[in-house]
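Below is input.cif, holding mmCIF, C-alpha atoms.
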data_start
#
loop_
_atom_site.group_PDB
_atom_site.id
_atom_site.type_symbol
_atom_site.label_atom_id
_atom_site.label_comp_id
_atom_site.auth_asym_id
_atom_site.auth_seq_id
_atom_site.Cartn_x
_atom_site.Cartn_y
_atom_site.Cartn_z
ATOM 1 C CA MET A 7 38.899 -56.501 46.908
ATOM 2 C CA GLN A 8 42.504 -55.418 47.533
ATOM 3 C CA LYS A 9 42.892 -54.487 43.895
ATOM 4 C CA ASP A 10 39.870 -52.173 44.097
ATOM 5 C CA PHE A 11 41.240 -50.554 47.285
ATOM 6 C CA ALA A 12 44.616 -49.880 45.638
ATOM 7 C CA ALA A 13 42.960 -48.436 42.559
ATOM 8 C CA ALA A 14 40.784 -46.174 44.701
ATOM 9 C CA GLY A 15 43.885 -44.583 46.310
ATOM 10 C CA LYS A 16 45.550 -43.881 42.970
ATOM 11 C CA LYS A 17 44.782 -40.624 41.176
ATOM 12 C CA VAL A 18 43.286 -41.200 37.766
ATOM 13 C CA SER A 19 44.563 -39.275 34.782
ATOM 14 C CA GLN A 20 42.010 -36.984 33.173
ATOM 15 C CA LYS A 21 41.933 -34.631 30.223
ATOM 16 C CA VAL A 22 42.425 -31.062 31.471
ATOM 17 C CA MET A 23 41.787 -27.993 29.352
ATOM 18 C CA HIS A 24 43.401 -24.721 30.387
ATOM 19 C CA THR A 25 40.579 -22.616 31.817
ATOM 20 C CA ILE A 26 42.432 -19.539 33.098
ATOM 21 C CA PRO A 27 43.159 -16.892 30.462
ATOM 22 C CA ALA A 28 46.694 -15.640 30.025
ATOM 23 C CA PHE A 29 47.267 -12.675 32.295
ATOM 24 C CA CYS A 30 49.829 -10.703 30.360
ATOM 25 C CA PRO A 31 48.771 -7.060 30.384
ATOM 26 C CA ALA A 32 50.333 -4.481 28.076
ATOM 27 C CA GLY A 33 53.623 -3.400 29.565
ATOM 28 C CA SER A 34 54.570 -6.860 30.865
ATOM 29 C CA LYS A 35 58.345 -7.243 30.680
ATOM 30 C CA ILE A 36 58.603 -10.852 31.805
ATOM 31 C CA LEU A 37 56.408 -13.871 31.244
ATOM 32 C CA ILE A 38 56.344 -16.559 33.931
ATOM 33 C CA LEU A 39 55.021 -19.906 32.750
ATOM 34 C CA GLY A 40 53.883 -22.858 34.803
ATOM 35 C CA THR A 41 52.920 -26.190 33.287
ATOM 36 C CA ILE A 42 49.102 -26.157 33.532
ATOM 37 C CA PRO A 43 46.868 -24.877 36.353
ATOM 38 C CA SER A 44 46.517 -27.229 39.303
ATOM 39 C CA PRO A 45 43.057 -28.321 40.435
ATOM 40 C CA LYS A 46 43.210 -25.682 43.234
ATOM 41 C CA SER A 47 44.224 -22.927 40.790
ATOM 42 C CA ARG A 48 41.348 -23.898 38.503
ATOM 43 C CA GLU A 49 39.025 -23.862 41.521
ATOM 44 C CA PHE A 50 40.215 -20.376 42.572
ATOM 45 C CA GLY A 51 40.293 -19.114 38.983
ATOM 46 C CA PHE A 52 43.832 -17.726 38.972
ATOM 47 C CA TYR A 53 47.446 -18.821 38.897
ATOM 48 C CA TYR A 54 49.247 -20.416 41.845
ATOM 49 C CA GLY A 55 46.012 -20.776 43.783
ATOM 50 C CA HIS A 56 46.966 -23.578 46.163
ATOM 51 C CA PRO A 57 47.252 -22.026 49.654
ATOM 52 C CA GLN A 58 50.577 -23.816 50.219
ATOM 53 C CA ASN A 59 52.095 -22.750 46.890
ATOM 54 C CA ARG A 60 54.925 -20.344 47.673
ATOM 55 C CA PHE A 61 54.815 -18.338 44.409
ATOM 56 C CA TRP A 62 53.055 -15.210 45.685
ATOM 57 C CA ARG A 63 55.085 -15.027 48.878
ATOM 58 C CA VAL A 64 58.386 -15.524 47.030
ATOM 59 C CA VAL A 65 57.714 -12.972 44.296
ATOM 60 C CA ALA A 66 56.394 -10.417 46.789
ATOM 61 C CA ASP A 67 59.447 -10.889 49.024
ATOM 62 C CA VAL A 68 61.846 -10.609 46.065
ATOM 63 C CA LEU A 69 60.139 -7.366 45.011
ATOM 64 C CA GLY A 70 59.999 -6.073 48.597
ATOM 65 C CA GLN A 71 56.212 -5.803 48.609
ATOM 66 C CA GLU A 72 53.211 -7.157 50.506
ATOM 67 C CA LYS A 73 51.977 -10.581 49.440
ATOM 68 C CA PRO A 74 48.675 -10.199 47.566
ATOM 69 C CA ALA A 75 45.765 -11.889 49.329
ATOM 70 C CA ASP A 76 43.042 -12.502 46.741
ATOM 71 C CA ASN A 77 42.698 -12.751 42.968
ATOM 72 C CA GLN A 78 42.108 -9.024 42.463
ATOM 73 C CA GLU A 79 45.136 -8.111 44.578
ATOM 74 C CA LYS A 80 47.186 -10.681 42.638
ATOM 75 C CA LYS A 81 46.118 -9.154 39.322
ATOM 76 C CA ASP A 82 46.901 -5.641 40.575
ATOM 77 C CA PHE A 83 50.292 -6.869 41.849
ATOM 78 C CA ILE A 84 51.159 -8.469 38.498
ATOM 79 C CA LEU A 85 50.024 -5.399 36.568
ATOM 80 C CA LYS A 86 51.982 -2.998 38.796
ATOM 81 C CA ASN A 87 55.140 -5.101 38.492
ATOM 82 C CA HIS A 88 55.020 -5.705 34.712
ATOM 83 C CA ILE A 89 54.777 -9.478 35.023
ATOM 84 C CA GLY A 90 52.795 -11.757 32.724
ATOM 85 C CA LEU A 91 51.506 -15.155 33.825
ATOM 86 C CA TRP A 92 50.418 -18.100 31.759
ATOM 87 C CA ASP A 93 51.210 -21.761 31.280
ATOM 88 C CA VAL A 94 53.071 -23.806 28.720
ATOM 89 C CA LEU A 95 50.154 -26.147 28.068
ATOM 90 C CA ALA A 96 46.680 -25.528 26.693
ATOM 91 C CA SER A 97 45.653 -29.090 27.542
ATOM 92 C CA CYS A 98 46.978 -32.470 28.612
ATOM 93 C CA ASP A 99 46.075 -35.671 30.372
ATOM 94 C CA ILE A 100 47.169 -35.389 34.016
ATOM 95 C CA ALA A 101 46.550 -37.114 37.349
ATOM 96 C CA GLY A 102 45.661 -34.407 39.866
ATOM 97 C CA ALA A 103 48.479 -31.841 39.901
ATOM 98 C CA SER A 104 51.291 -34.305 39.176
ATOM 99 C CA ASP A 105 53.439 -32.887 36.375
ATOM 100 C CA SER A 106 55.221 -36.244 36.117
ATOM 101 C CA SER A 107 51.931 -37.839 34.986
ATOM 102 C CA ILE A 108 51.429 -35.490 31.988
ATOM 103 C CA LYS A 109 50.598 -37.195 28.716
ATOM 104 C CA ASN A 110 49.311 -35.888 25.380
ATOM 105 C CA PRO A 111 50.442 -32.290 25.939
ATOM 106 C CA VAL A 112 49.193 -29.516 23.652
ATOM 107 C CA ALA A 113 51.122 -26.259 23.928
ATOM 108 C CA ASN A 114 49.651 -22.776 24.171
ATOM 109 C CA ASP A 115 50.261 -20.382 21.294
ATOM 110 C CA PHE A 116 52.509 -17.535 22.407
ATOM 111 C CA THR A 117 52.477 -15.721 19.055
ATOM 112 C CA GLU A 118 50.161 -12.885 20.086
ATOM 113 C CA ILE A 119 51.854 -12.190 23.417
ATOM 114 C CA LEU A 120 55.354 -12.239 21.960
ATOM 115 C CA ALA A 121 54.332 -10.189 18.903
ATOM 116 C CA ARG A 122 53.754 -7.195 21.173
ATOM 117 C CA GLY A 123 57.520 -6.992 21.611
ATOM 118 C CA GLU A 124 57.377 -6.052 25.298
ATOM 119 C CA ILE A 125 58.478 -9.369 26.843
ATOM 120 C CA VAL A 126 62.225 -9.288 27.434
ATOM 121 C CA GLN A 127 62.516 -12.648 29.187
ATOM 122 C CA ILE A 128 60.499 -15.821 29.679
ATOM 123 C CA PHE A 129 60.780 -17.874 32.863
ATOM 124 C CA THR A 130 59.430 -21.369 33.407
ATOM 125 C CA THR A 131 58.614 -22.642 36.884
ATOM 126 C CA GLY A 132 59.950 -26.132 37.367
ATOM 127 C CA ARG A 133 61.697 -28.820 35.398
ATOM 128 C CA LYS A 134 58.582 -30.145 33.627
ATOM 129 C CA ALA A 135 57.406 -26.700 32.463
ATOM 130 C CA THR A 136 60.917 -26.046 31.112
ATOM 131 C CA GLU A 137 61.118 -29.433 29.398
ATOM 132 C CA LEU A 138 57.701 -28.996 27.738
ATOM 133 C CA TYR A 139 58.440 -25.394 26.697
ATOM 134 C CA ASN A 140 61.761 -26.403 25.146
ATOM 135 C CA LYS A 141 60.193 -29.322 23.273
ATOM 136 C CA TYR A 142 56.958 -27.735 22.023
ATOM 137 C CA CYS A 143 57.298 -23.951 22.208
ATOM 138 C CA LEU A 144 60.944 -23.030 21.653
ATOM 139 C CA PRO A 145 60.950 -24.330 18.054
ATOM 140 C CA VAL A 146 57.992 -22.018 17.325
ATOM 141 C CA THR A 147 58.903 -18.959 19.413
ATOM 142 C CA GLY A 148 62.681 -19.055 19.103
ATOM 143 C CA VAL A 149 62.750 -17.475 22.580
ATOM 144 C CA LYS A 150 64.762 -19.338 25.210
ATOM 145 C CA THR A 151 63.483 -19.664 28.744
ATOM 146 C CA THR A 152 65.170 -19.434 32.113
ATOM 147 C CA MET A 153 64.146 -22.149 34.549
ATOM 148 C CA LEU A 154 63.090 -21.152 38.040
ATOM 149 C CA PRO A 155 62.392 -23.759 40.725
ATOM 150 C CA SER A 156 58.814 -24.844 41.203
ATOM 151 C CA THR A 157 56.996 -23.127 44.067
ATOM 152 C CA SER A 158 54.558 -26.021 44.340
ATOM 153 C CA PRO A 159 53.974 -27.560 47.758
ATOM 154 C CA ALA A 160 55.241 -30.799 46.167
ATOM 155 C CA ASN A 161 58.691 -29.173 45.832
ATOM 156 C CA CYS A 162 59.376 -29.119 49.570
ATOM 157 C CA ARG A 163 63.011 -30.172 49.204
ATOM 158 C CA LEU A 164 64.006 -26.581 48.403
ATOM 159 C CA LYS A 165 64.289 -24.262 51.405
ATOM 160 C CA TYR A 166 62.375 -21.004 51.225
ATOM 161 C CA GLU A 167 65.515 -18.845 51.265
ATOM 162 C CA ASP A 168 66.989 -20.833 48.339
ATOM 163 C CA LEU A 169 63.740 -20.450 46.426
ATOM 164 C CA LYS A 170 63.712 -16.726 47.087
ATOM 165 C CA GLN A 171 67.351 -16.415 45.965
ATOM 166 C CA ALA A 172 66.575 -18.211 42.695
ATOM 167 C CA TYR A 173 63.663 -15.861 41.994
ATOM 168 C CA THR A 174 65.912 -12.793 42.211
ATOM 169 C CA ALA A 175 66.587 -13.643 38.536
ATOM 170 C CA ILE A 176 63.372 -11.743 37.693
ATOM 171 C CA LEU A 177 64.775 -8.453 38.984
ATOM 172 C CA LYS A 178 67.153 -7.586 36.124
ATOM 173 C CA PRO A 179 64.671 -7.971 33.247
ATOM 174 C CA LEU A 180 62.178 -5.955 35.304
ATOM 175 C CA GLY A 181 64.771 -3.180 35.460
ATOM 176 C CA LEU A 182 65.242 -3.505 39.243
#
Written form, structure tokens:
Amino acid sequence: MQKDFAAAGKKVSQKVMHTIPAFCPAGSKILILGTIPSPKSREFGFYYGHPQNRFWRVVADVLGQEKPADNQEKKDFILKNHIGLWDVLASCDIAGASDSSIKNPVANDFTEILARGEIVQIFTTGRKATELYNKYCLPVTGVKTTMLPSTSPANCRLKYEDLKQAYTAILKPLGL
């Protein structure tokens, strides 16, 4: 009985397919890559969808703009600011939103996005996204990435002001 109780509390790894299309409109100067959409992002149908994820607040503050409230406002915000969003992985086995549980990763193909020639810098959000990009994508793309801290609610050890300071790295390639 105890064994069943312990197993019930543990998140089970499942195969996850990326279900949110890349949002990298023409004119995007930077590409920000997460690992793979969290269950909340998949539920909401757009990137960084968990209400406690600090991505939208941080990027809006860094750019001196209002934080977008819904998916349409987020898309308009990204378009206006020449930012592309996607993820490193097309699929993987993962337990919940735990990047540390990722197994059997399959990388997205960045050929089409990078062939446009508009992206001047790629950023990865978090250690795992950076590690996976460097292992599976860098040999194909030849484009190095700059790691930004994860804005996930799981990354609570980083103070908001430190997170915001780190994200000022997006300003220069955006021409700001």
Report task. Decode the PyMOL selection byres ((chain A and resi 178) around 12) for the given file into explicit residues and return them as a ChimeraX atom specification. Result -> /A:35-36,68-69,126-127,173-177,179-182
**Report entry** Between CA of Lys80 in chain A and CA of Thr25 in chain A, distance in Å (one decimal)
**Finding:** 17.4 Å
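Distance-wise, CA of Asn77 in chain A and CA of Val22 in chain A end up 21.6 Å apart.
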**Report entry** Selection near Val149 in chain A, 10 Å with all atoms listed in the file, sequence-local residues under 5 positions removed, as a PyMOL selection string
**Finding:** chain A and resi 120+126-128+139-140+143-144
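Omitting Ile38 in chain A and its sequence neighbours fewer than 5 positions away, and counting all atoms listed in the file, the residues within 7 Å are Gly90, Leu91, Trp92, Ile128, Phe129 and Thr130 of chain A.
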Report task. Show me as a ChimeraX atom specification the residues that reach within 12 Å of (60.0, -24.1, 46.8), counting only C-alpha atoms and using the file's own coordinates. Result -> /A:58-65,131-132,154-173
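Considering all atoms listed in the file, the residue among A:Asp105, A:Asn110, A:Ile100, A:Thr136 positioned nearest to Lys17 in chain A is A:Ile100.
The shortest atom-to-atom distance to Val18 in chain A, with all atoms listed in the file taken into account, belongs to A:Ser107 out of A:Ser107, A:Ser34, A:Thr117, A:Gln71.
The point (40.4, -19.1, 28.7) has these residues within 12 Å of it, counting only C-alpha atoms: A:Met23, A:His24, A:Thr25, A:Ile26, A:Pro27, A:Ala28, A:Phe29, A:Pro43, A:Arg48, A:Gly51, A:Phe52, A:Trp92, A:Asp93, A:Ala96, A:Ser97, A:Asn114.
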Let me see the file: selected residues, C-alpha atoms, as a JSON list (two decimals), in the coordinates of the input.
[["chain", "number", "residue", "atom", "x", "y", "z"],
["A", 23, "MET", "CA", 41.79, -27.99, 29.35],
["A", 24, "HIS", "CA", 43.40, -24.72, 30.39],
["A", 25, "THR", "CA", 40.58, -22.62, 31.82],
["A", 26, "ILE", "CA", 42.43, -19.54, 33.10],
["A", 27, "PRO", "CA", 43.16, -16.89, 30.46],
["A", 28, "ALA", "CA", 46.69, -15.64, 30.02],
["A", 29, "PHE", "CA", 47.27, -12.68, 32.30],
["A", 43, "PRO", "CA", 46.87, -24.88, 36.35],
["A", 48, "ARG", "CA", 41.35, -23.90, 38.50],
["A", 51, "GLY", "CA", 40.29, -19.11, 38.98],
["A", 52, "PHE", "CA", 43.83, -17.73, 38.97],
["A", 92, "TRP", "CA", 50.42, -18.10, 31.76],
["A", 93, "ASP", "CA", 51.21, -21.76, 31.28],
["A", 96, "ALA", "CA", 46.68, -25.53, 26.69],
["A", 97, "SER", "CA", 45.65, -29.09, 27.54],
["A", 114, "ASN", "CA", 49.65, -22.78, 24.17]]
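Among the candidates A:Tyr142, A:Arg133, A:Cys30, A:Thr152, the one nearest to Val112 in chain A when counting all atoms listed in the file is A:Tyr142.
Across the model, the gap from CA of Glu118 in chain A to CA of Gln20 in chain A is 28.6 Å.
Shortest atom-to-atom contact with Pro57 in chain A among A:Gly70, A:Ala32, A:Lys141, A:Ala75: A:Ala75, counting all atoms listed in the file.
Restricting the calculation to only C-alpha atoms, the smallest distance between Ile119 in chain A and any of A:Gly102, A:Pro74, A:Pro31, A:Pro145 is found for A:Pro31.
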Query raised in the report: For Tyr54 in chain A, which residue out of A:Leu138, A:Ala103, A:Leu85, A:Ala113 is the nearest one, using only C-alpha atoms?
Result: A:Ala103
What would range 27-46 of chain A look like with N, CA, C and O atoms in place, written as a short mmCIF file (atom, residue, chain, number, x, y, z; two decimals), keeping the file's coordinate frame?
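Dumped everything to part.cif:
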data_model
loop_
_atom_site.label_atom_id
_atom_site.label_comp_id
_atom_site.auth_asym_id
_atom_site.auth_seq_id
_atom_site.Cartn_x
_atom_site.Cartn_y
_atom_site.Cartn_z
N PRO A 27 42.54 -17.64 31.57
CA PRO A 27 43.16 -16.89 30.46
C PRO A 27 44.56 -16.40 30.82
O PRO A 27 44.87 -16.17 32.00
N ALA A 28 45.37 -16.24 29.81
CA ALA A 28 46.69 -15.64 30.02
C ALA A 28 46.48 -14.29 30.70
O ALA A 28 45.56 -13.56 30.35
N PHE A 29 47.32 -13.99 31.68
CA PHE A 29 47.27 -12.68 32.30
C PHE A 29 48.60 -12.01 31.98
O PHE A 29 49.58 -12.14 32.71
N CYS A 30 48.61 -11.34 30.85
CA CYS A 30 49.83 -10.70 30.36
C CYS A 30 49.46 -9.32 29.84
O CYS A 30 49.37 -9.09 28.63
N PRO A 31 49.21 -8.39 30.78
CA PRO A 31 48.77 -7.06 30.38
C PRO A 31 49.83 -6.32 29.57
O PRO A 31 51.02 -6.65 29.64
N ALA A 32 49.40 -5.34 28.80
CA ALA A 32 50.33 -4.48 28.08
C ALA A 32 51.33 -3.93 29.08
O ALA A 32 50.98 -3.59 30.20
N GLY A 33 52.57 -3.89 28.68
CA GLY A 33 53.62 -3.40 29.56
C GLY A 33 54.34 -4.50 30.33
O GLY A 33 55.32 -4.23 31.02
N SER A 34 53.88 -5.75 30.20
CA SER A 34 54.57 -6.86 30.86
C SER A 34 55.96 -7.02 30.27
O SER A 34 56.12 -7.08 29.05
N LYS A 35 56.96 -7.09 31.12
CA LYS A 35 58.34 -7.24 30.68
C LYS A 35 58.82 -8.69 30.76
O LYS A 35 59.71 -9.09 30.01
N ILE A 36 58.25 -9.44 31.69
CA ILE A 36 58.60 -10.85 31.80
C ILE A 36 57.33 -11.69 31.75
O ILE A 36 56.25 -11.22 32.07
N LEU A 37 57.51 -12.92 31.31
CA LEU A 37 56.41 -13.87 31.24
C LEU A 37 56.84 -15.08 32.06
O LEU A 37 57.87 -15.69 31.77
N ILE A 38 56.06 -15.41 33.08
CA ILE A 38 56.34 -16.56 33.93
C ILE A 38 55.33 -17.64 33.58
O ILE A 38 54.13 -17.41 33.64
N LEU A 39 55.86 -18.81 33.21
CA LEU A 39 55.02 -19.91 32.75
C LEU A 39 55.11 -21.12 33.67
O LEU A 39 56.21 -21.62 33.93
N GLY A 40 53.97 -21.58 34.13
CA GLY A 40 53.88 -22.86 34.80
C GLY A 40 53.60 -23.92 33.76
O GLY A 40 53.69 -23.67 32.56
N THR A 41 53.22 -25.09 34.21
CA THR A 41 52.92 -26.19 33.29
C THR A 41 51.47 -26.10 32.83
O THR A 41 51.19 -25.89 31.66
N ILE A 42 50.55 -26.27 33.76
CA ILE A 42 49.10 -26.16 33.53
C ILE A 42 48.49 -25.91 34.91
O ILE A 42 49.05 -26.36 35.91
N PRO A 43 47.40 -25.17 35.02
CA PRO A 43 46.87 -24.88 36.35
C PRO A 43 46.51 -26.14 37.14
O PRO A 43 45.94 -27.09 36.60
N SER A 44 46.85 -26.12 38.41
CA SER A 44 46.52 -27.23 39.30
C SER A 44 45.01 -27.23 39.55
O SER A 44 44.32 -26.25 39.27
N PRO A 45 44.48 -28.32 40.10
CA PRO A 45 43.06 -28.32 40.44
C PRO A 45 42.67 -27.16 41.35
O PRO A 45 41.63 -26.54 41.16
N LYS A 46 43.51 -26.80 42.33
CA LYS A 46 43.21 -25.68 43.23
C LYS A 46 43.23 -24.36 42.48
O LYS A 46 42.38 -23.49 42.71
#
